[in-house]
Structures are given as structure tokens and as C-alpha cells.
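Notes follow once the structure below has been shown.
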Amino acid sequence: MEIRVRRKQGKFLIDAGFEGAESGVTALYGPSGAGKTSIVNMAAGLLRPDAGRIAVNGFCLFDSDRRIDLPPEKRRVGYVFQDGRLLPHLSVRANLTYGMNRIPVLRRFVKLDSVVDLLGIGHLLHRRPANLSGGEKQRVAIGRALLTSPAMLLMDEPLASLDAERKAEVMPFITGLVSEFTLPVLYVTHSMDEILNLAARMVIMGEGKVLASGNIEDLFSRGDLQGHFTRDERGAVISTKMENPKDMFGLSHLSFSGRILKVPHISAGPGTRVRVRIPARHVAIALEAPVGTSFQNIFPGRVLEIQDQGTAFVDVHLDIGCPLWARITRQSCRELNLSPGTPVFALVKTVAVSLGAQAIPEV
Amino acid sequence: MDFFRLTAVELEALRLSLWVSAWAVAAGLPFGILTAWVLARLSFPGKSLLDGLVHLPLVLPPVVTGYVLLLILGRNGIIGALLYQYLGVVFAFNWKGAALAAAVMSFPLLVRAVRLSLEGVDRGLEAAARTLGAGPVRVFFTVTLPLVVPGIIAGIILAFARSLGEFGATITFVSNIRGKTQTLPLALYTLTQIPGGETGAMRLCVLSVLISMAALVCSEILARRFAARMKG
């Protein structure tokens with residue numbers, strides 16, 4: 001997926017270019033007002049760029065130089081809106097088949113039955129959108145977009161309007177569809193959880209520009225990007241492999257760079273790739289290997305750099321075979337006399353490991 | 001109970017009125033929806049002029065509207081002469097003229113109701129339908145139009161009631177000819193002008209009230225059904 005667009009909206013200039021994965025989820029991340037939804041609307045053909053080029057798997061949707069501008073209905077792009085936008089006068093079934101019926105039978109690679117099964121919406125088919133719950137509406141909206149057998153799926157914060165419980169209800173369906181159908185998905189969100197669960201690649205946007213794009217693990221290991229994440233989201237994302245799903249204490253052992261990370265039991269078979277996020281605020285630093293401690297995960301490493309947040313805290317960038325971030329008080333930093341190159345031990349609280357994907361597909 | 005027995009004149013007037021009003025609404029509806037859509041969705045130079053033109057019959061004295069129709073569409077009118085010459089269509093002094101007068105007079109009410117409803121339609125739904133592969137025309141017929149059904153029903157009832165009551169433009173444009181252009185209000189007016197016509201006038205008066213009430217009840221039932229369908 002290739003997106004390079006320029007558009008002036010009043011004083012706001014969107015000038016963004018990035019390459020998304022040809023299959024799997026590319027997350028579009030950034031604060032509100034960064035122009036994420038505008039980019040997605042341009043990809044869908046609902047908003048016209050002043051200049052640029054949009055192409056999916058070699059199929060050109062927009063090219064200002066070649067004067068190509070396909071209307072939305074010709075783009076073969078499925079769009080899941082933040083607010084669902086189910087057609088209120090049609091039943092759930094009619095909503096699902098509205099787009100499907102426009103596609104010649106031979107070009108359909110998504111079947112109604114399989115989508116209904118995948119999203120668990122069989123019992124809703126005869127209902128009207130007005131009396132569906134928020135989570136049900138979003139599942140139907142996802143199914144409706146999928147059933148157009150699209151070349152690309154656009155999802156604009158599909159979970160943002162849902163409460164935590166409904167989010168948890170819909171998330172597995174999105175994970176499921178990503179592994180079931182090999183589609184490029186452009187996924188707008190400002191939730192780190194969703195990114196870690198779903199995305200392989202990520203585009204960080206700010207004020208209409210692309211600040212960085214690439215693999216999630218790479219982006220999180222870059223010191224210069226930490227400032228774009230909110231305080232609580234700062235941290236490292238580490239790609240690990242399941243070694244032992246359940247030891248005698250009920251912990252799972254994950255390996256990375258020759259180290260073992262112990263986390264509360266996760267149900268994934270040995271050899272599965274598991275992505276783990278370790279927020280900076282859950283990592284402590286010691287100068288010597290601590291003895292008699294409750295910390296299960298202690299990794300030797302060294303300090304790479306120290307980022308002053310201008311508050312009582314500093315974020316310390318560590319190398320433990322892979323990048324790790326620790327947030328400690330400014331006072332501790334002074335007392336430990338930390339500076340780039342200092343050998344240290346990183347203490348990761350077992351319970352502090354926040355799990356992203358249960359099992360993400362090989363990318 | 002002689003009071004409830006309609007005379008031949010009154011029966012003719014009733015039939016003609018329903019016929020003329022039905023035609024006025026049926027013929028005006030497609031144009032009304034189109035005009036409402038143009039006014040609600042497009043912006044172009046001269047839009048306020050079109051808006052004013054559509055609303056003109058609402059503010060002009062009906063007699064003026066009828067006279068203008070006579071000038072334009074009468075047998076010797078600018079367009080009327082051409083229509084007669086090439087299509088053999090005549091509006092002057094027949095029910096078609098009465099229907100046309102009613103259609104013109106009720107047009108602003110029709111357009112207003114549909115336009116209001118159109119402006120309430122979530123454009124996001126239309127955009128969603130576009131991304132689902134429907135072209136603009138299909139989106140109009142499968143999304144926009146079904147969603148403005150309440151406005152269309154309201155417009156039809158308003159226009160129908162207005163057509164039933166149409167007097168000034170009709171009598172000016174097509175005159176008051178029994179069995180041809182003498183609708184209910186015209187018949188009622190005639191009855192009030194002749195000695196001994198009071199009973200007939202009263203009957204027509206009651207009849208008019210009944211028809212109007214029936215139309216209102218119909219629209220209410222239809223609107224409720226529609227609302228129920230959207231929820232069910």
C-alpha cells in the first residue's frame with residue numbers, strides 16, 4: 001500500500017507519505033487533529049487530495065500526475081467507520097449484503113457465511129441496526145466492509161466509541177479477520193493496546209505530517225520517538241518467542257536475545273511469537289545484581305542515554321540485548337550517577353509486563 | 001336524512017377534486033423531490049433565485065399565479081401555443097389545467113417538507129454506501145430516498161390538502177365549469193352565490209373537513225409505521 005498525499009484544509013496542511021504492509025495491519029497513530037481520518041478518507045475517495053498518489057498492491061486509486069481519481073465505489077476499499085454508519089432502514093442482513101451484491105460473484109473471496117461465523121452475528125441477521133448494542137453494530141460494520149471483498153480495509157478507530165468491555169468483545173474478531181484474510185489494513189487509532197494487539201507496522205503522525213513509520217519494535221526502540229507517546233505509553237516493545245507456556249509456578253517463559261522473560265501464564269503454544277510491551281514506569285534500575293529480591297526478571301545491560309522529561313522523572317534508555325526503557329526519579333538518577341555507558345541491571349516486575357498480542361502472525 | 005345525500009353537482013365536484021388533487025401531487029412529486037435535492041445539496045450561482053421562484057406561489061396572491069399561468073400556458077400563451085401545436089396538449093379550461101394550477105400552488109409546500117427531511121439525512125451514511133460500491137444514483141435511490149420517506153409523506157399530505165383547497169389560481173386559469181373545472185371549493189363558492197344553496201354549501205363544507213382529516217390521519221399512520229419499521 002502506497003500513500004503519498006498533500007492537501008490544504010484552510011490553514012492545516014496535510015503532507016504525508018508512507019508505505020504500508022501489503023498484508024497485515026498498518027497502524028496510523030497520532031493525537032487527534034493529526035490528520036489521520038483525513039488520510040483514510042482520501043484513501044477511500046471521500047476526500048480529494050490536492051496532489052499525490054494512492055495505490056494498493058499495484059492498483060492505482062489516485063494519481064494527480066496521471067489524472068487518475070477513482071470514485072469511492074470503484075476503489076474496492078472496505079471502510080469501517082468510527083461510528084459504524086449502518087444503514088438504519090435496512091436489516092442487518094441487508095446491510096451485510098449491500099456491498100457484497102455490487103461485486104460480481106467471481107470476484108468475491110469473502111463469503112457471507114464465513115463472515116457471519118467469524119463475527120458471531122448469525123443471531124442478529126433479522127434485526128435492525130437501531131436495536132443493536134455498540135459492539136454488535138461495529139461487528140456488523142466490519143462484516144459489511146469485508147463482504148465487499150476489498151483490496152484494502154480501512155478502519156477508523158473502530159473501537160473508540162466502545163467501552164472497555166465492548167472493546168474486549170470486538171478486538172478478537174479483528175485479530176481473527178487479520179489472520180483469516182490476507183488483506184492490507186490501515187488502522188487508525190490512538191490506543192497503544194490496539195496497536196500492540198493488531199499491527200505489524202505503524203505510522204506515527206503529527207500535525208498532518210508523518211513523523212516516523214516502520215516496524216513497531218523498531219519504532220519503540222528509537223529514543224527520538226518516545227516523546228510522541230503519552231507518559232504511560234512510553235516503554236519498549238519486544239518481540240519474543242514462547243519457550244515454556246507454563247512452569248511449576250504458573251509462569252510462562254518467553255525468550256528474546258538469549259534472555260528469558262517470565263510472565264503470568266499466557267495460552268500460546270511453544271515457539272509462538274509473542275509481542276510484549278514493557279512500560280518504562282514498570283522498570284527499575286540497580287547498579288549491582290540485587291540479591292534477596294522479589295523481582296523475577298533481572299537483566300544486565302548498560303545505559304544508552306538519559307532523557308530528561310523536565311519533571312521529577314527521567315527516562316533511561318537501556319540496552320539489555322534489546323532496547324528497554326526505565327523511568328526513575330531524577331534524584332535516583334543523580335544518586336546512582338548514571339551516564340551513557342554505565343553498566344546496570346534492569347529490574348522488570350513480573351506483573352508489570354503488559355501483554356500485547358496473544359499470538360501475532362509471522363511478519 | 002336528505003342532508004347526507006349529495007346532489008349530482010356536488011358528487012361531480014367531489015370526484016373532480018380528488019382526481020385533480022391526486023394528479024397535482026403525483027405530477028408534482030418527482031419535480032418536488034428533484035428541486036428539494038438541488039436546493040438541499042448543490043450550491044450554484046442563482047440558487048437563491050431558484051429558491052425564490054419555487055416559493056413564489058406561496059407569497060403571491062393566487063389570482064396572480066393563475067393569471068400568469070393563463071398568460072404562459074393558455075391556448076395563446078408562449079408555451080401553451082407550442083404545447084398545443086406539437087403535442088396537442090391543452091391546459092386551458094379543463095381538469096388538466098386545474099391539476100396544473102393545484103400542482104404549482106402546492107409545489108412550495110412539497111419542496112419545503114422534502115428539503116427539510118433531506119437536510120436531516122446523515123451524509124456519512126451516503127458516504128458509507130459509496131464505499132460499499134454504490135454509485136451516486138444508486139445511493140440516492142437506496143439510501144437517501146428511503147431515509148426521507150417521512151418528509152415525502154408529509155409533503156404529499158400537505159400538497160394534497162393544499163390542492164383540495166385551491167381556489168384563486170384555478171378559477172383564474174381554468175374558470176369555473178361544472179364537471180370540468182369545478183372542484184369542491186369552486187362548487188362551494190357557486191352554491192353560496194345562488195338562492196337556496198346553503199344546505200349544499202354546508203354539505204360540501206363538512207365533506208371538505210372530512211377529507212382533510214382523513215388525509216391527516218393517513219399521514220400519521222404512515223409516519224408511525226415508518227418509525228416502527230426503523231426500530232424493528
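Identifiers in this document derive from the order of the C-alpha cells: chains are assigned A, B, ..., residues are numbered from 1 separately in each chain, and ligands are numbered from 1 in order of occurrence.
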
Please identify all polymer residues within 8 Å of segment 211-217 of chain B, counting only C-alpha atoms, omitting same-chain residues fewer than 4 positions from it, and present them as a PyMOL selection string.
chain B and resi 157+161+207+221

Could the residues in this selection be written to a file with N, CA, C and O atoms, as a PDB file, in the first residue's frame?
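The resulting again-v3.pdb:
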ATOM      1  N   ILE B 157     -49.033  14.869   1.855  1.00  0.00           N
ATOM      2  CA  ILE B 157     -50.270  15.223   2.554  1.00  0.00           C
ATOM      3  C   ILE B 157     -50.523  16.735   2.493  1.00  0.00           C
ATOM      4  O   ILE B 157     -51.626  17.185   2.175  1.00  0.00           O
ATOM      5  N   ALA B 161     -53.632  18.379   0.518  1.00  0.00           N
ATOM      6  CA  ALA B 161     -54.600  19.240   1.206  1.00  0.00           C
ATOM      7  C   ALA B 161     -54.657  20.615   0.543  1.00  0.00           C
ATOM      8  O   ALA B 161     -55.730  21.185   0.328  1.00  0.00           O
ATOM      9  N   LEU B 207     -67.862  17.903   4.052  1.00  0.00           N
ATOM     10  CA  LEU B 207     -67.102  16.967   3.224  1.00  0.00           C
ATOM     11  C   LEU B 207     -65.623  17.361   3.181  1.00  0.00           C
ATOM     12  O   LEU B 207     -64.724  16.516   3.330  1.00  0.00           O
ATOM     13  N   ILE B 221     -50.631   7.678  10.413  1.00  0.00           N
ATOM     14  CA  ILE B 221     -50.469   6.215  10.436  1.00  0.00           C
ATOM     15  C   ILE B 221     -49.210   5.812   9.673  1.00  0.00           C
ATOM     16  O   ILE B 221     -48.407   5.002  10.143  1.00  0.00           O
TER      17      ILE B 221
END

Residues near segment 139-143 of chain A, anyone? I mean within 7 Å using only C-alpha atoms, not counting same-chain ones fewer than 6 positions away, as an mmCIF file with all heavy atoms, in the first residue's frame.
data_model
loop_
_atom_site.group_PDB
_atom_site.id
_atom_site.type_symbol
_atom_site.label_atom_id
_atom_site.label_comp_id
_atom_site.auth_asym_id
_atom_site.auth_seq_id
_atom_site.Cartn_x
_atom_site.Cartn_y
_atom_site.Cartn_z
ATOM 1 N N VAL A 80 -14.419 0.753 7.576
ATOM 2 C CA VAL A 80 -15.157 0.623 8.835
ATOM 3 C C VAL A 80 -15.060 1.952 9.560
ATOM 4 O O VAL A 80 -13.974 2.374 9.949
ATOM 5 C CB VAL A 80 -14.575 -0.499 9.723
ATOM 6 C CG1 VAL A 80 -15.378 -0.612 11.019
ATOM 7 C CG2 VAL A 80 -14.577 -1.820 8.968
ATOM 8 N N GLY A 84 -19.744 3.398 12.950
ATOM 9 C CA GLY A 84 -20.495 2.289 12.361
ATOM 10 C C GLY A 84 -21.168 2.613 11.042
ATOM 11 O O GLY A 84 -20.911 2.005 10.034
ATOM 12 N N LEU A 86 -24.208 2.095 9.963
ATOM 13 C CA LEU A 86 -25.074 1.091 9.358
ATOM 14 C C LEU A 86 -26.284 1.810 8.782
ATOM 15 O O LEU A 86 -26.719 2.836 9.316
ATOM 16 C CB LEU A 86 -25.513 0.079 10.410
ATOM 17 C CG LEU A 86 -24.371 -0.707 11.056
ATOM 18 C CD1 LEU A 86 -24.931 -1.690 12.082
ATOM 19 C CD2 LEU A 86 -23.560 -1.442 10.016
ATOM 20 N N LEU A 96 -25.291 -6.198 5.454
ATOM 21 C CA LEU A 96 -24.126 -7.018 5.133
ATOM 22 C C LEU A 96 -24.010 -7.259 3.637
ATOM 23 O O LEU A 96 -22.915 -7.261 3.084
ATOM 24 C CB LEU A 96 -24.222 -8.368 5.861
ATOM 25 C CG LEU A 96 -23.998 -8.330 7.371
ATOM 26 C CD1 LEU A 96 -24.346 -9.675 7.987
ATOM 27 C CD2 LEU A 96 -22.552 -7.969 7.676
ATOM 28 N N VAL A 115 -18.105 -14.875 7.176
ATOM 29 C CA VAL A 115 -18.050 -13.616 7.927
ATOM 30 C C VAL A 115 -19.019 -13.644 9.106
ATOM 31 O O VAL A 115 -18.683 -13.236 10.221
ATOM 32 C CB VAL A 115 -18.363 -12.416 7.000
ATOM 33 C CG1 VAL A 115 -18.680 -11.178 7.812
ATOM 34 C CG2 VAL A 115 -17.183 -12.159 6.084
ATOM 35 N N LEU A 119 -17.638 -13.325 12.895
ATOM 36 C CA LEU A 119 -18.013 -12.193 13.741
ATOM 37 C C LEU A 119 -19.115 -12.546 14.735
ATOM 38 O O LEU A 119 -19.504 -11.710 15.551
ATOM 39 C CB LEU A 119 -18.459 -11.016 12.867
ATOM 40 C CG LEU A 119 -17.388 -10.441 11.934
ATOM 41 C CD1 LEU A 119 -17.987 -9.416 10.990
ATOM 42 C CD2 LEU A 119 -16.263 -9.805 12.724
ATOM 43 N N VAL A 170 -14.940 -6.987 20.783
ATOM 44 C CA VAL A 170 -14.756 -6.854 19.333
ATOM 45 C C VAL A 170 -13.323 -7.168 18.903
ATOM 46 O O VAL A 170 -13.086 -7.705 17.820
ATOM 47 C CB VAL A 170 -15.167 -5.440 18.867
ATOM 48 C CG1 VAL A 170 -14.952 -5.289 17.375
ATOM 49 C CG2 VAL A 170 -16.619 -5.158 19.220
#

Taking only C-alpha atoms into account, which residues of chain B are within 7 Å of chain A, as a PDB file with all heavy atoms, in the first residue's frame?
ATOM      1  N   GLY B 124     -22.922  11.044   6.103  1.00  0.00           N
ATOM      2  CA  GLY B 124     -21.985   9.954   6.369  1.00  0.00           C
ATOM      3  C   GLY B 124     -22.532   8.604   5.902  1.00  0.00           C
ATOM      4  O   GLY B 124     -21.777   7.747   5.457  1.00  0.00           O
ATOM      5  N   LEU B 125     -23.855   8.441   5.985  1.00  0.00           N
ATOM      6  CA  LEU B 125     -24.451   7.187   5.530  1.00  0.00           C
ATOM      7  C   LEU B 125     -24.312   7.054   4.023  1.00  0.00           C
ATOM      8  O   LEU B 125     -24.061   5.977   3.496  1.00  0.00           O
ATOM      9  CB  LEU B 125     -25.934   7.141   5.928  1.00  0.00           C
ATOM     10  CG  LEU B 125     -26.231   7.035   7.419  1.00  0.00           C
ATOM     11  CD1 LEU B 125     -27.724   7.138   7.662  1.00  0.00           C
ATOM     12  CD2 LEU B 125     -25.682   5.736   7.978  1.00  0.00           C
ATOM     13  N   ALA B 127     -21.937   8.451   2.254  1.00  0.00           N
ATOM     14  CA  ALA B 127     -20.517   8.181   2.005  1.00  0.00           C
ATOM     15  C   ALA B 127     -20.221   6.702   2.233  1.00  0.00           C
ATOM     16  O   ALA B 127     -19.507   6.066   1.457  1.00  0.00           O
ATOM     17  CB  ALA B 127     -19.647   9.050   2.907  1.00  0.00           C
ATOM     18  N   ALA B 128     -20.815   6.152   3.305  1.00  0.00           N
ATOM     19  CA  ALA B 128     -20.602   4.734   3.607  1.00  0.00           C
ATOM     20  C   ALA B 128     -21.102   3.871   2.460  1.00  0.00           C
ATOM     21  O   ALA B 128     -20.437   2.925   2.043  1.00  0.00           O
ATOM     22  CB  ALA B 128     -21.308   4.366   4.909  1.00  0.00           C
ATOM     23  N   ARG B 130     -21.325   4.714  -0.626  1.00  0.00           N
ATOM     24  CA  ARG B 130     -20.382   4.849  -1.753  1.00  0.00           C
ATOM     25  C   ARG B 130     -19.216   3.883  -1.596  1.00  0.00           C
ATOM     26  O   ARG B 130     -18.819   3.198  -2.538  1.00  0.00           O
ATOM     27  CB  ARG B 130     -19.840   6.283  -1.842  1.00  0.00           C
ATOM     28  CG  ARG B 130     -20.846   7.342  -2.249  1.00  0.00           C
ATOM     29  CD  ARG B 130     -21.282   7.235  -3.696  1.00  0.00           C
ATOM     30  NE  ARG B 130     -20.231   7.416  -4.680  1.00  0.00           N
ATOM     31  CZ  ARG B 130     -19.829   8.598  -5.138  1.00  0.00           C
ATOM     32  NH1 ARG B 130     -20.367   9.695  -4.695  1.00  0.00           N
ATOM     33  NH2 ARG B 130     -18.881   8.676  -6.051  1.00  0.00           N
ATOM     34  N   THR B 131     -18.657   3.805  -0.369  1.00  0.00           N
ATOM     35  CA  THR B 131     -17.511   2.910  -0.181  1.00  0.00           C
ATOM     36  C   THR B 131     -17.927   1.445  -0.319  1.00  0.00           C
ATOM     37  O   THR B 131     -17.087   0.585  -0.503  1.00  0.00           O
ATOM     38  CB  THR B 131     -16.855   3.085   1.210  1.00  0.00           C
ATOM     39  OG1 THR B 131     -17.757   2.649   2.221  1.00  0.00           O
ATOM     40  CG2 THR B 131     -16.473   4.522   1.474  1.00  0.00           C
ATOM     41  N   LEU B 132     -19.249   1.190  -0.223  1.00  0.00           N
ATOM     42  CA  LEU B 132     -19.718  -0.184  -0.393  1.00  0.00           C
ATOM     43  C   LEU B 132     -19.965  -0.514  -1.864  1.00  0.00           C
ATOM     44  O   LEU B 132     -20.489  -1.569  -2.185  1.00  0.00           O
ATOM     45  CB  LEU B 132     -20.992  -0.412   0.420  1.00  0.00           C
ATOM     46  CG  LEU B 132     -20.778  -0.412   1.935  1.00  0.00           C
ATOM     47  CD1 LEU B 132     -22.105  -0.381   2.663  1.00  0.00           C
ATOM     48  CD2 LEU B 132     -19.971  -1.631   2.355  1.00  0.00           C
ATOM     49  N   GLY B 133     -19.628   0.411  -2.740  1.00  0.00           N
ATOM     50  CA  GLY B 133     -19.684   0.096  -4.160  1.00  0.00           C
ATOM     51  C   GLY B 133     -20.889   0.648  -4.894  1.00  0.00           C
ATOM     52  O   GLY B 133     -21.111   0.312  -6.053  1.00  0.00           O
ATOM     53  N   ALA B 134     -21.690   1.487  -4.246  1.00  0.00           N
ATOM     54  CA  ALA B 134     -22.860   2.035  -4.920  1.00  0.00           C
ATOM     55  C   ALA B 134     -22.523   3.403  -5.518  1.00  0.00           C
ATOM     56  O   ALA B 134     -21.944   4.241  -4.837  1.00  0.00           O
ATOM     57  CB  ALA B 134     -24.020   2.160  -3.937  1.00  0.00           C
ATOM     58  N   GLY B 135     -22.890   3.606  -6.761  1.00  0.00           N
ATOM     59  CA  GLY B 135     -22.673   4.892  -7.409  1.00  0.00           C
ATOM     60  C   GLY B 135     -23.665   5.917  -6.874  1.00  0.00           C
ATOM     61  O   GLY B 135     -24.584   5.565  -6.139  1.00  0.00           O
ATOM     62  N   MET B 230     -38.202   1.312  11.274  1.00  0.00           N
ATOM     63  CA  MET B 230     -36.806   1.664  11.518  1.00  0.00           C
ATOM     64  C   MET B 230     -36.318   1.072  12.830  1.00  0.00           C
ATOM     65  O   MET B 230     -35.147   0.801  12.996  1.00  0.00           O
ATOM     66  CB  MET B 230     -36.655   3.184  11.569  1.00  0.00           C
ATOM     67  CG  MET B 230     -36.924   3.861  10.259  1.00  0.00           C
ATOM     68  SD  MET B 230     -35.567   3.636   9.106  1.00  0.00           S
ATOM     69  CE  MET B 230     -34.771   5.211   9.294  1.00  0.00           C
ATOM     70  N   LYS B 231     -37.244   0.899  13.764  1.00  0.00           N
ATOM     71  CA  LYS B 231     -36.842   0.360  15.068  1.00  0.00           C
ATOM     72  C   LYS B 231     -36.824  -1.164  15.059  1.00  0.00           C
ATOM     73  O   LYS B 231     -35.965  -1.781  15.648  1.00  0.00           O
ATOM     74  CB  LYS B 231     -37.807   0.841  16.159  1.00  0.00           C
ATOM     75  CG  LYS B 231     -37.512   2.256  16.596  1.00  0.00           C
ATOM     76  CD  LYS B 231     -38.247   2.572  17.891  1.00  0.00           C
ATOM     77  CE  LYS B 231     -38.359   4.075  18.106  1.00  0.00           C
ATOM     78  NZ  LYS B 231     -39.744   4.516  18.107  1.00  0.00           N
ATOM     79  N   GLY B 232     -37.838  -1.740  14.380  1.00  0.00           N
ATOM     80  CA  GLY B 232     -37.997  -3.196  14.400  1.00  0.00           C
ATOM     81  C   GLY B 232     -36.858  -3.885  13.868  1.00  0.00           C
ATOM     82  O   GLY B 232     -36.157  -4.604  13.733  1.00  0.00           O
TER      83      GLY B 232
END

Expressed in Å to a single decimal, how great is the separation between atom CA of Ala102 of chain B and atom CA of Val54 of chain B?
13.9 Å

Those of segment 41-232 of chain B in DSSP alpha helix (DSSP H), formatted as a ChimeraX atom specification
/B:41,47-59,62-73,78-87,95-119,123-131,136-139,145-147,149-165,168-174,184-193,198-231

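The protein and nucleic acid residues lying at most 10 Å from Ala13 of chain B are B:Thr7, B:Ala8, B:Val9, B:Glu10, B:Leu16, B:Ser17, B:Leu18, B:Trp19, B:Arg178, B:Gly179, B:Lys180, B:Thr181, B:Gln182, B:Thr183, B:Leu184, B:Pro185, B:Leu186, B:Ala187, B:Leu188, B:Leu204, with only C-alpha atoms considered and sequence neighbours fewer than 3 positions away removed.
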
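Proximity to segment 245-254 of chain A at 6 Å, evaluated using only C-alpha atoms and with sequence-adjacent residues fewer than 3 positions away removed, yields Thr240, Lys241, Met242, Ile260, Leu261, Lys262, Val263, Pro264 and His265 of chain A.
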
Would you mind exporting all heavy atoms of the selected residues as a PDB file, in the first residue's frame?
ATOM      1  N   THR A 240       9.139 -11.619  21.281  1.00  0.00           N
ATOM      2  CA  THR A 240       9.709 -12.775  21.975  1.00  0.00           C
ATOM      3  C   THR A 240       9.148 -14.072  21.423  1.00  0.00           C
ATOM      4  O   THR A 240       8.210 -14.064  20.622  1.00  0.00           O
ATOM      5  CB  THR A 240       9.372 -12.735  23.487  1.00  0.00           C
ATOM      6  OG1 THR A 240       7.958 -12.919  23.630  1.00  0.00           O
ATOM      7  CG2 THR A 240       9.772 -11.412  24.111  1.00  0.00           C
ATOM      8  N   LYS A 241       9.755 -15.165  21.868  1.00  0.00           N
ATOM      9  CA  LYS A 241       9.284 -16.483  21.447  1.00  0.00           C
ATOM     10  C   LYS A 241       8.902 -17.278  22.675  1.00  0.00           C
ATOM     11  O   LYS A 241       9.606 -17.254  23.679  1.00  0.00           O
ATOM     12  CB  LYS A 241      10.392 -17.202  20.668  1.00  0.00           C
ATOM     13  CG  LYS A 241       9.889 -18.320  19.785  1.00  0.00           C
ATOM     14  CD  LYS A 241      10.998 -18.845  18.894  1.00  0.00           C
ATOM     15  CE  LYS A 241      11.590 -20.081  19.533  1.00  0.00           C
ATOM     16  NZ  LYS A 241      12.792 -20.566  18.896  1.00  0.00           N
ATOM     17  N   MET A 242       7.778 -17.964  22.612  1.00  0.00           N
ATOM     18  CA  MET A 242       7.338 -18.777  23.744  1.00  0.00           C
ATOM     19  C   MET A 242       8.244 -19.987  23.898  1.00  0.00           C
ATOM     20  O   MET A 242       8.437 -20.761  22.954  1.00  0.00           O
ATOM     21  CB  MET A 242       5.888 -19.220  23.512  1.00  0.00           C
ATOM     22  CG  MET A 242       5.344 -20.155  24.553  1.00  0.00           C
ATOM     23  SD  MET A 242       5.240 -19.391  26.163  1.00  0.00           S
ATOM     24  CE  MET A 242       3.702 -18.475  25.988  1.00  0.00           C
ATOM     25  N   ILE A 260      15.629 -14.793  29.128  1.00  0.00           N
ATOM     26  CA  ILE A 260      14.304 -15.354  29.400  1.00  0.00           C
ATOM     27  C   ILE A 260      13.493 -14.348  30.212  1.00  0.00           C
ATOM     28  O   ILE A 260      13.973 -13.794  31.200  1.00  0.00           O
ATOM     29  CB  ILE A 260      14.403 -16.675  30.187  1.00  0.00           C
ATOM     30  CG1 ILE A 260      15.063 -17.775  29.350  1.00  0.00           C
ATOM     31  CG2 ILE A 260      13.025 -17.132  30.662  1.00  0.00           C
ATOM     32  CD1 ILE A 260      14.180 -18.300  28.231  1.00  0.00           C
ATOM     33  N   LEU A 261      12.278 -14.096  29.757  1.00  0.00           N
ATOM     34  CA  LEU A 261      11.375 -13.198  30.469  1.00  0.00           C
ATOM     35  C   LEU A 261      10.230 -14.048  31.019  1.00  0.00           C
ATOM     36  O   LEU A 261       9.614 -14.818  30.292  1.00  0.00           O
ATOM     37  CB  LEU A 261      10.829 -12.149  29.492  1.00  0.00           C
ATOM     38  CG  LEU A 261       9.887 -11.093  30.037  1.00  0.00           C
ATOM     39  CD1 LEU A 261      10.634 -10.103  30.931  1.00  0.00           C
ATOM     40  CD2 LEU A 261       9.227 -10.331  28.882  1.00  0.00           C
ATOM     41  N   LYS A 262       9.993 -13.933  32.343  1.00  0.00           N
ATOM     42  CA  LYS A 262       8.911 -14.709  32.944  1.00  0.00           C
ATOM     43  C   LYS A 262       7.679 -13.822  33.115  1.00  0.00           C
ATOM     44  O   LYS A 262       7.774 -12.741  33.698  1.00  0.00           O
ATOM     45  CB  LYS A 262       9.347 -15.257  34.298  1.00  0.00           C
ATOM     46  CG  LYS A 262      10.455 -16.287  34.211  1.00  0.00           C
ATOM     47  CD  LYS A 262      10.801 -16.785  35.595  1.00  0.00           C
ATOM     48  CE  LYS A 262      12.125 -17.542  35.564  1.00  0.00           C
ATOM     49  NZ  LYS A 262      12.597 -17.775  36.941  1.00  0.00           N
ATOM     50  N   VAL A 263       6.566 -14.294  32.609  1.00  0.00           N
ATOM     51  CA  VAL A 263       5.322 -13.515  32.701  1.00  0.00           C
ATOM     52  C   VAL A 263       4.213 -14.436  33.183  1.00  0.00           C
ATOM     53  O   VAL A 263       4.333 -15.660  33.076  1.00  0.00           O
ATOM     54  CB  VAL A 263       4.933 -12.913  31.331  1.00  0.00           C
ATOM     55  CG1 VAL A 263       6.006 -11.968  30.830  1.00  0.00           C
ATOM     56  CG2 VAL A 263       4.668 -14.001  30.320  1.00  0.00           C
ATOM     57  N   PRO A 264       3.122 -13.876  33.710  1.00  0.00           N
ATOM     58  CA  PRO A 264       1.989 -14.716  34.100  1.00  0.00           C
ATOM     59  C   PRO A 264       1.517 -15.532  32.903  1.00  0.00           C
ATOM     60  O   PRO A 264       1.624 -15.075  31.756  1.00  0.00           O
ATOM     61  CB  PRO A 264       0.920 -13.705  34.525  1.00  0.00           C
ATOM     62  CG  PRO A 264       1.675 -12.477  34.869  1.00  0.00           C
ATOM     63  CD  PRO A 264       2.887 -12.461  34.007  1.00  0.00           C
ATOM     64  N   HIS A 265       0.985 -16.683  33.198  1.00  0.00           N
ATOM     65  CA  HIS A 265       0.643 -17.648  32.147  1.00  0.00           C
ATOM     66  C   HIS A 265      -0.147 -17.032  30.987  1.00  0.00           C
ATOM     67  O   HIS A 265      -1.138 -16.345  31.181  1.00  0.00           O
ATOM     68  CB  HIS A 265      -0.182 -18.781  32.753  1.00  0.00           C
ATOM     69  CG  HIS A 265      -0.706 -19.732  31.729  1.00  0.00           C
ATOM     70  ND1 HIS A 265       0.125 -20.516  30.961  1.00  0.00           N
ATOM     71  CD2 HIS A 265      -1.962 -19.990  31.323  1.00  0.00           C
ATOM     72  CE1 HIS A 265      -0.594 -21.232  30.138  1.00  0.00           C
ATOM     73  NE2 HIS A 265      -1.881 -20.933  30.331  1.00  0.00           N
TER      74      HIS A 265
END

When you look at segment 57-59 of chain B with a cut-off of 7 Å (counting only C-alpha atoms), what residues show up, excluding the ones that are within fewer than 2 positions of it in the same chain? I need them as a PyMOL selection string.
chain B and resi 55+61-62+65+104-105+108

Skip segment 28-36 of chain B itself and residues of its chain fewer than 4 positions away, then list as a PDB file with C-alpha atoms, in the first residue's frame all residues within 6 Å of it, counting only C-alpha atoms.
ATOM      1  CA  ALA B  24     -51.406  17.501  -8.978  1.00  0.00           C
ATOM      2  CA  ALA B  40     -30.503  20.974  -0.211  1.00  0.00           C
ATOM      3  CA  ALA B 103     -49.607  21.489  -8.560  1.00  0.00           C
ATOM      4  CA  VAL B 111     -40.434  21.083  -1.695  1.00  0.00           C
ATOM      5  CA  ARG B 115     -35.944  19.563   1.642  1.00  0.00           C
TER       6      ARG B 115
END

Please provide as a ChimeraX atom specification all residues within 6 Å of segment 143-149 of chain B, with the sequence filter that same-chain residues fewer than 3 positions apart are discarded (counting only C-alpha atoms).
/B:117-118,139-140,152

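Nearest residue to Ala101 of chain B, choosing from B:Asn76, B:Ser43, B:Ser175, B:Ser208 and counting only C-alpha atoms: B:Ser175.
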